[in-house]
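File shown: upload-v3.txt. Contents: compact mmCIF, C-alpha atoms.
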```txt
# COMPACT_ATOMS: atom_id res chain seq x y z
CA MET S 6 113.75 -40.28 -20.58
CA SER S 7 111.77 -42.65 -18.56
CA ALA S 8 109.97 -41.53 -15.48
CA SER S 9 109.77 -43.92 -12.63
CA VAL S 10 106.70 -44.00 -10.46
CA HIS S 11 107.17 -44.53 -6.76
CA GLN S 12 104.40 -45.57 -4.47
CA LEU S 13 103.89 -43.19 -1.56
CA PRO S 14 104.10 -44.77 1.86
CA THR S 15 100.75 -45.50 3.43
CA PRO S 16 100.10 -46.14 7.08
CA SER S 17 99.76 -49.80 7.90
CA GLN S 18 96.93 -49.16 10.35
CA PRO S 19 94.02 -46.81 9.93
CA PRO S 20 94.08 -43.98 12.47
CA ALA S 21 92.29 -44.73 15.71
CA VAL S 22 88.87 -43.16 15.96
CA GLN S 23 88.81 -40.65 18.78
CA ARG S 24 85.91 -40.95 21.14
CA ASP S 25 83.45 -38.08 21.30
CA ARG S 26 84.96 -35.64 23.77
CA ALA S 27 82.68 -33.26 25.64
CA ASP S 28 79.67 -34.39 23.58
CA PHE S 29 81.00 -32.63 20.49
CA GLY S 30 78.94 -34.90 18.24
CA ALA S 31 75.71 -33.94 20.00
CA LEU S 32 76.63 -30.26 19.84
CA ARG S 33 77.43 -30.58 16.14
CA ALA S 34 74.06 -32.26 15.47
CA GLU S 35 72.27 -29.56 17.45
CA LEU S 36 73.99 -26.82 15.47
CA HIS S 37 73.07 -28.48 12.18
CA GLN S 38 69.44 -28.70 13.29
CA ARG S 39 69.50 -25.07 14.36
CA CYS S 40 70.90 -24.00 10.99
CA ALA S 41 68.00 -25.85 9.38
CA ASP S 42 65.58 -24.09 11.81
CA HIS S 43 64.38 -27.39 13.33
CA ASP S 44 64.51 -25.87 16.82
CA LEU S 45 62.46 -22.89 15.66
CA ALA S 46 59.91 -25.14 13.95
CA GLU S 47 59.52 -27.20 17.13
CA LEU S 48 59.01 -24.09 19.26
CA TRP S 49 56.62 -22.51 16.72
CA SER S 50 54.43 -25.62 16.61
CA SER S 51 54.12 -25.62 20.41
CA LEU S 52 52.95 -21.97 20.62
CA ALA S 53 49.33 -20.88 20.82
CA THR S 54 48.07 -18.54 18.09
CA GLY S 55 48.13 -15.54 20.46
CA GLU S 56 51.75 -16.24 21.42
CA ARG S 57 52.67 -16.51 17.75
CA LYS S 58 50.98 -13.16 17.06
CA ALA S 59 52.97 -11.54 19.88
CA LEU S 60 56.20 -12.87 18.38
CA LEU S 61 55.18 -11.71 14.91
CA ALA S 62 54.41 -8.22 16.26
CA SER S 63 57.83 -8.06 17.92
CA ALA S 64 59.41 -9.23 14.64
CA LYS S 65 57.38 -6.56 12.76
CA LEU S 66 55.69 -9.19 10.61
CA SER S 67 52.06 -9.65 9.62
CA PRO S 68 49.83 -11.36 12.20
CA ARG S 69 48.35 -13.37 9.30
CA GLU S 70 51.57 -15.47 9.43
CA ALA S 71 50.45 -16.91 12.78
CA LEU S 72 48.82 -19.90 11.08
CA THR S 73 51.67 -20.49 8.62
CA PRO S 74 54.03 -23.37 9.42
CA ILE S 75 57.54 -22.05 10.01
CA GLU S 76 58.93 -24.31 7.27
CA GLN S 77 56.85 -22.42 4.70
CA MET S 78 58.08 -18.98 5.76
CA ALA S 79 60.85 -17.09 4.02
CA LYS S 80 64.30 -17.27 5.62
CA PHE S 81 64.11 -13.52 6.39
CA ASN S 82 60.88 -14.03 8.37
CA ARG S 83 62.33 -16.99 10.28
CA GLU S 84 65.38 -14.92 11.20
CA ALA S 85 63.14 -12.03 12.31
CA ILE S 86 61.14 -14.40 14.54
CA ARG S 87 64.34 -15.88 16.00
CA GLY S 88 65.56 -12.33 16.75
CA ALA S 89 62.26 -11.47 18.42
CA ILE S 90 62.49 -14.60 20.59
CA GLN S 91 66.00 -13.66 21.65
CA ARG S 92 65.02 -10.05 22.47
CA MET S 93 62.02 -11.18 24.49
CA SER S 94 64.12 -13.77 26.32
CA GLN S 95 66.77 -11.18 27.20
CA TYR S 96 64.07 -8.83 28.44
CA ALA S 97 62.56 -11.59 30.60
CA ASN S 98 65.99 -12.43 32.05
CA ARG S 99 66.68 -8.76 32.91
CA LEU S 100 63.26 -8.46 34.52
CA ARG S 101 63.83 -11.64 36.56
CA ARG S 102 67.21 -10.35 37.77
CA GLN S 103 65.65 -7.04 38.80
CA LEU S 104 62.87 -8.78 40.70
CA GLU S 105 65.28 -11.14 42.46
CA GLY S 106 67.58 -8.32 43.50
CA ASP S 107 71.32 -8.61 43.88
CA LYS S 108 71.45 -12.11 45.37
CA PRO S 109 74.70 -13.98 44.74
CA HIS S 110 74.54 -16.91 42.36
CA PRO S 111 73.78 -20.19 44.21
CA SER S 112 77.01 -21.75 42.94
CA ARG S 113 79.00 -19.28 45.07
CA GLU S 114 77.98 -21.11 48.22
CA LEU S 115 79.02 -24.43 46.68
CA ALA S 116 82.34 -22.89 45.62
CA SER S 117 82.98 -21.69 49.17
CA LEU S 118 82.27 -25.20 50.44
CA ALA S 119 84.72 -26.59 47.88
CA ARG S 120 87.38 -24.07 49.00
CA GLN S 121 86.78 -24.98 52.64
CA ALA S 122 87.13 -28.68 51.85
CA LEU S 123 90.42 -28.00 50.02
CA ALA S 124 91.69 -25.97 52.97
CA GLU S 125 90.89 -28.93 55.23
CA GLY S 126 92.66 -31.30 52.83
CA ASP S 127 89.48 -33.16 51.89
CA THR S 128 89.84 -33.45 48.11
CA ARG S 129 86.97 -35.94 47.81
CA ALA S 130 84.52 -33.40 49.28
CA ALA S 131 85.96 -30.60 47.13
CA GLN S 132 85.44 -32.72 44.01
CA HIS S 133 81.87 -33.40 45.11
CA TRP S 134 81.08 -29.68 45.40
CA LEU S 135 82.78 -28.90 42.09
CA ALA S 136 80.85 -31.68 40.35
CA LEU S 137 77.59 -30.16 41.59
CA ILE S 138 78.61 -26.76 40.21
CA GLU S 139 79.61 -28.25 36.84
CA LYS S 140 76.32 -30.16 36.58
CA GLY S 141 74.49 -26.91 37.10
CA VAL S 142 72.70 -28.08 40.22
CA ALA S 143 72.98 -24.60 41.65
```
Hey, can you dump this file as structure tokens for me?
Amino acid sequence: MSASVHQLPTPSQPPAVQRDRADFGALRAELHQRCADHDLAELWSSLATGERKALLASAKLSPREALTPIEQMAKFNREAIRGAIQRMSQYANRLRRQLEGDKPHPSRELASLARQALAEGDTRAAQHWLALIEKGVA
């Protein structure tokens, strides 16, 4: 018995490289940096010692860690600090919302202008208002 070997077909052209849609490449790089705690290290280095101690207290860690570079801390401690930052940020956002009251989000006014422009048949103006909303201007 002799076995014959057949070459598998290969595409004649390499597949076209898709362009980066919706900045996926930048998002991917940011996520990789976050997994490596680069964002946390950058924030930690910009904090004053007192601010670091407040974060450490919220994370239930020793205040002696305030002078330790984040890269030298154990993963558990870095995760505790990240959790403390998130809790404090959520608290600050809730407090801000309470102080501002129940005002509608600024993008609502832009959305109503976009709806009005559509009702008037002015698609160019509607696209303008939607672009402002998407950019986060309001």
> Which residues, written as a list in words, have at least one atom at most 10 Å from range 129-140 of chain S, with all atoms listed in the file counted and residues fewer than 6 positions away on the same chain left out?
Replying inline: Pro111, Ser112, Arg113, Glu114, Leu115, Ala116, Ser117, Leu118, Ala119, Arg120, Gln121, Ala122 and Leu123 of chain S
Test item: residues at most 8 Å from Ile75 in chain S, all atoms listed in the file, excluding those fewer than 3 positions along its chain, as a PDB file with C-alpha atoms, in the frame of the given file:
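Result file result-v7.pdb:
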```pdb
ATOM      1  CA  LEU S  45      62.460 -22.890  15.660  1.00  0.00           C
ATOM      2  CA  ALA S  46      59.910 -25.140  13.950  1.00  0.00           C
ATOM      3  CA  TRP S  49      56.620 -22.510  16.720  1.00  0.00           C
ATOM      4  CA  MET S  78      58.080 -18.980   5.760  1.00  0.00           C
ATOM      5  CA  ARG S  83      62.330 -16.990  10.280  1.00  0.00           C
TER       6      ARG S  83
END
```
>> As an exercise, work out the distance from CA of Leu48 in chain S to CA of Leu60 in chain S in Å and give it to one decimal place.
In response: 11.6 Å
> Just how far from CA of Gln95 in chain S is CA of His43 in chain S, in Å to one decimal?
Replying inline: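 Computed distance, CA of His43 in chain S to CA of Gln95 in chain S, equals 21.5 Å.
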> Which one of S:Glu35, S:Asp28, S:Asp127, S:Asp42 sits closest to Glu84 in chain S if you count all atoms listed in the file?
Replying inline: S:Asp42
> So how far away is CA of Arg99 in chain S from CA of Ala64 in chain S, in Å?
Replying inline: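 Taking CA of Ala64 in chain S and CA of Arg99 in chain S, their separation equals 19.7 Å.
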Could I get range 58-69 of chain S rebuilt with all heavy atoms, written as a PDB file, in the coordinates of the input?
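Saved the output as out14.pdb:
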```
ATOM      1  N   LYS S  58      51.261 -14.541  17.484  1.00  0.00           N
ATOM      2  CA  LYS S  58      50.980 -13.160  17.060  1.00  0.00           C
ATOM      3  C   LYS S  58      51.853 -12.169  17.821  1.00  0.00           C
ATOM      4  O   LYS S  58      52.309 -11.175  17.252  1.00  0.00           O
ATOM      5  CB  LYS S  58      49.498 -12.839  17.244  1.00  0.00           C
ATOM      6  CG  LYS S  58      48.623 -13.510  16.210  1.00  0.00           C
ATOM      7  CD  LYS S  58      47.163 -13.147  16.396  1.00  0.00           C
ATOM      8  CE  LYS S  58      46.318 -13.825  15.326  1.00  0.00           C
ATOM      9  NZ  LYS S  58      44.894 -13.491  15.455  1.00  0.00           N
ATOM     10  N   ALA S  59      52.095 -12.425  19.101  1.00  0.00           N
ATOM     11  CA  ALA S  59      52.970 -11.540  19.880  1.00  0.00           C
ATOM     12  C   ALA S  59      54.392 -11.572  19.323  1.00  0.00           C
ATOM     13  O   ALA S  59      55.036 -10.519  19.200  1.00  0.00           O
ATOM     14  CB  ALA S  59      52.966 -11.953  21.349  1.00  0.00           C
ATOM     15  N   LEU S  60      54.873 -12.759  18.980  1.00  0.00           N
ATOM     16  CA  LEU S  60      56.200 -12.870  18.380  1.00  0.00           C
ATOM     17  C   LEU S  60      56.255 -12.166  17.029  1.00  0.00           C
ATOM     18  O   LEU S  60      57.222 -11.472  16.714  1.00  0.00           O
ATOM     19  CB  LEU S  60      56.595 -14.334  18.195  1.00  0.00           C
ATOM     20  CG  LEU S  60      57.231 -15.012  19.387  1.00  0.00           C
ATOM     21  CD1 LEU S  60      57.427 -16.485  19.107  1.00  0.00           C
ATOM     22  CD2 LEU S  60      58.542 -14.357  19.735  1.00  0.00           C
ATOM     23  N   LEU S  61      55.214 -12.350  16.226  1.00  0.00           N
ATOM     24  CA  LEU S  61      55.180 -11.710  14.910  1.00  0.00           C
ATOM     25  C   LEU S  61      55.158 -10.187  15.040  1.00  0.00           C
ATOM     26  O   LEU S  61      55.807  -9.486  14.265  1.00  0.00           O
ATOM     27  CB  LEU S  61      53.963 -12.201  14.114  1.00  0.00           C
ATOM     28  CG  LEU S  61      54.043 -13.661  13.651  1.00  0.00           C
ATOM     29  CD1 LEU S  61      52.683 -14.146  13.153  1.00  0.00           C
ATOM     30  CD2 LEU S  61      55.102 -13.815  12.574  1.00  0.00           C
ATOM     31  N   ALA S  62      54.439  -9.670  16.039  1.00  0.00           N
ATOM     32  CA  ALA S  62      54.410  -8.220  16.260  1.00  0.00           C
ATOM     33  C   ALA S  62      55.795  -7.719  16.649  1.00  0.00           C
ATOM     34  O   ALA S  62      56.255  -6.686  16.150  1.00  0.00           O
ATOM     35  CB  ALA S  62      53.380  -7.871  17.337  1.00  0.00           C
ATOM     36  N   SER S  63      56.475  -8.452  17.513  1.00  0.00           N
ATOM     37  CA  SER S  63      57.830  -8.060  17.920  1.00  0.00           C
ATOM     38  C   SER S  63      58.795  -8.134  16.739  1.00  0.00           C
ATOM     39  O   SER S  63      59.727  -7.343  16.642  1.00  0.00           O
ATOM     40  CB  SER S  63      58.314  -8.968  19.045  1.00  0.00           C
ATOM     41  OG  SER S  63      59.629  -8.637  19.408  1.00  0.00           O
ATOM     42  N   ALA S  64      58.549  -9.065  15.821  1.00  0.00           N
ATOM     43  CA  ALA S  64      59.410  -9.230  14.640  1.00  0.00           C
ATOM     44  C   ALA S  64      58.988  -8.281  13.514  1.00  0.00           C
ATOM     45  O   ALA S  64      59.599  -8.287  12.451  1.00  0.00           O
ATOM     46  CB  ALA S  64      59.360 -10.667  14.156  1.00  0.00           C
ATOM     47  N   LYS S  65      57.916  -7.498  13.757  1.00  0.00           N
ATOM     48  CA  LYS S  65      57.380  -6.560  12.760  1.00  0.00           C
ATOM     49  C   LYS S  65      56.934  -7.289  11.482  1.00  0.00           C
ATOM     50  O   LYS S  65      57.200  -6.864  10.369  1.00  0.00           O
ATOM     51  CB  LYS S  65      58.386  -5.459  12.434  1.00  0.00           C
ATOM     52  CG  LYS S  65      58.696  -4.572  13.626  1.00  0.00           C
ATOM     53  CD  LYS S  65      59.662  -3.467  13.245  1.00  0.00           C
ATOM     54  CE  LYS S  65      59.860  -2.470  14.319  1.00  0.00           C
ATOM     55  NZ  LYS S  65      60.398  -2.822  15.541  1.00  0.00           N
ATOM     56  N   LEU S  66      56.241  -8.405  11.710  1.00  0.00           N
ATOM     57  CA  LEU S  66      55.690  -9.190  10.610  1.00  0.00           C
ATOM     58  C   LEU S  66      54.170  -9.217  10.721  1.00  0.00           C
ATOM     59  O   LEU S  66      53.604  -8.897  11.763  1.00  0.00           O
ATOM     60  CB  LEU S  66      56.241 -10.631  10.661  1.00  0.00           C
ATOM     61  CG  LEU S  66      57.751 -10.777  10.481  1.00  0.00           C
ATOM     62  CD1 LEU S  66      58.175 -12.217  10.723  1.00  0.00           C
ATOM     63  CD2 LEU S  66      58.179 -10.316   9.096  1.00  0.00           C
ATOM     64  N   SER S  67      53.514  -9.621   9.668  1.00  0.00           N
ATOM     65  CA  SER S  67      52.060  -9.650   9.620  1.00  0.00           C
ATOM     66  C   SER S  67      51.494 -10.707  10.549  1.00  0.00           C
ATOM     67  O   SER S  67      51.966 -11.849  10.560  1.00  0.00           O
ATOM     68  CB  SER S  67      51.603  -9.925   8.186  1.00  0.00           C
ATOM     69  OG  SER S  67      50.216 -10.195   8.150  1.00  0.00           O
ATOM     70  N   PRO S  68      50.444 -10.364  11.308  1.00  0.00           N
ATOM     71  CA  PRO S  68      49.830 -11.360  12.200  1.00  0.00           C
ATOM     72  C   PRO S  68      49.159 -12.500  11.416  1.00  0.00           C
ATOM     73  O   PRO S  68      48.865 -13.539  11.976  1.00  0.00           O
ATOM     74  CB  PRO S  68      48.811 -10.564  13.000  1.00  0.00           C
ATOM     75  CG  PRO S  68      48.612  -9.292  12.273  1.00  0.00           C
ATOM     76  CD  PRO S  68      49.835  -9.048  11.447  1.00  0.00           C
ATOM     77  N   ARG S  69      48.942 -12.307  10.126  1.00  0.00           N
ATOM     78  CA  ARG S  69      48.350 -13.370   9.300  1.00  0.00           C
ATOM     79  C   ARG S  69      49.276 -14.587   9.219  1.00  0.00           C
ATOM     80  O   ARG S  69      48.836 -15.691   8.931  1.00  0.00           O
ATOM     81  CB  ARG S  69      48.057 -12.855   7.894  1.00  0.00           C
ATOM     82  CG  ARG S  69      46.950 -11.811   7.857  1.00  0.00           C
ATOM     83  CD  ARG S  69      46.641 -11.459   6.428  1.00  0.00           C
ATOM     84  NE  ARG S  69      47.843 -11.032   5.739  1.00  0.00           N
ATOM     85  CZ  ARG S  69      48.054  -9.808   5.242  1.00  0.00           C
ATOM     86  NH1 ARG S  69      47.128  -8.905   5.352  1.00  0.00           N
ATOM     87  NH2 ARG S  69      49.182  -9.514   4.636  1.00  0.00           N
TER      88      ARG S  69
END
```
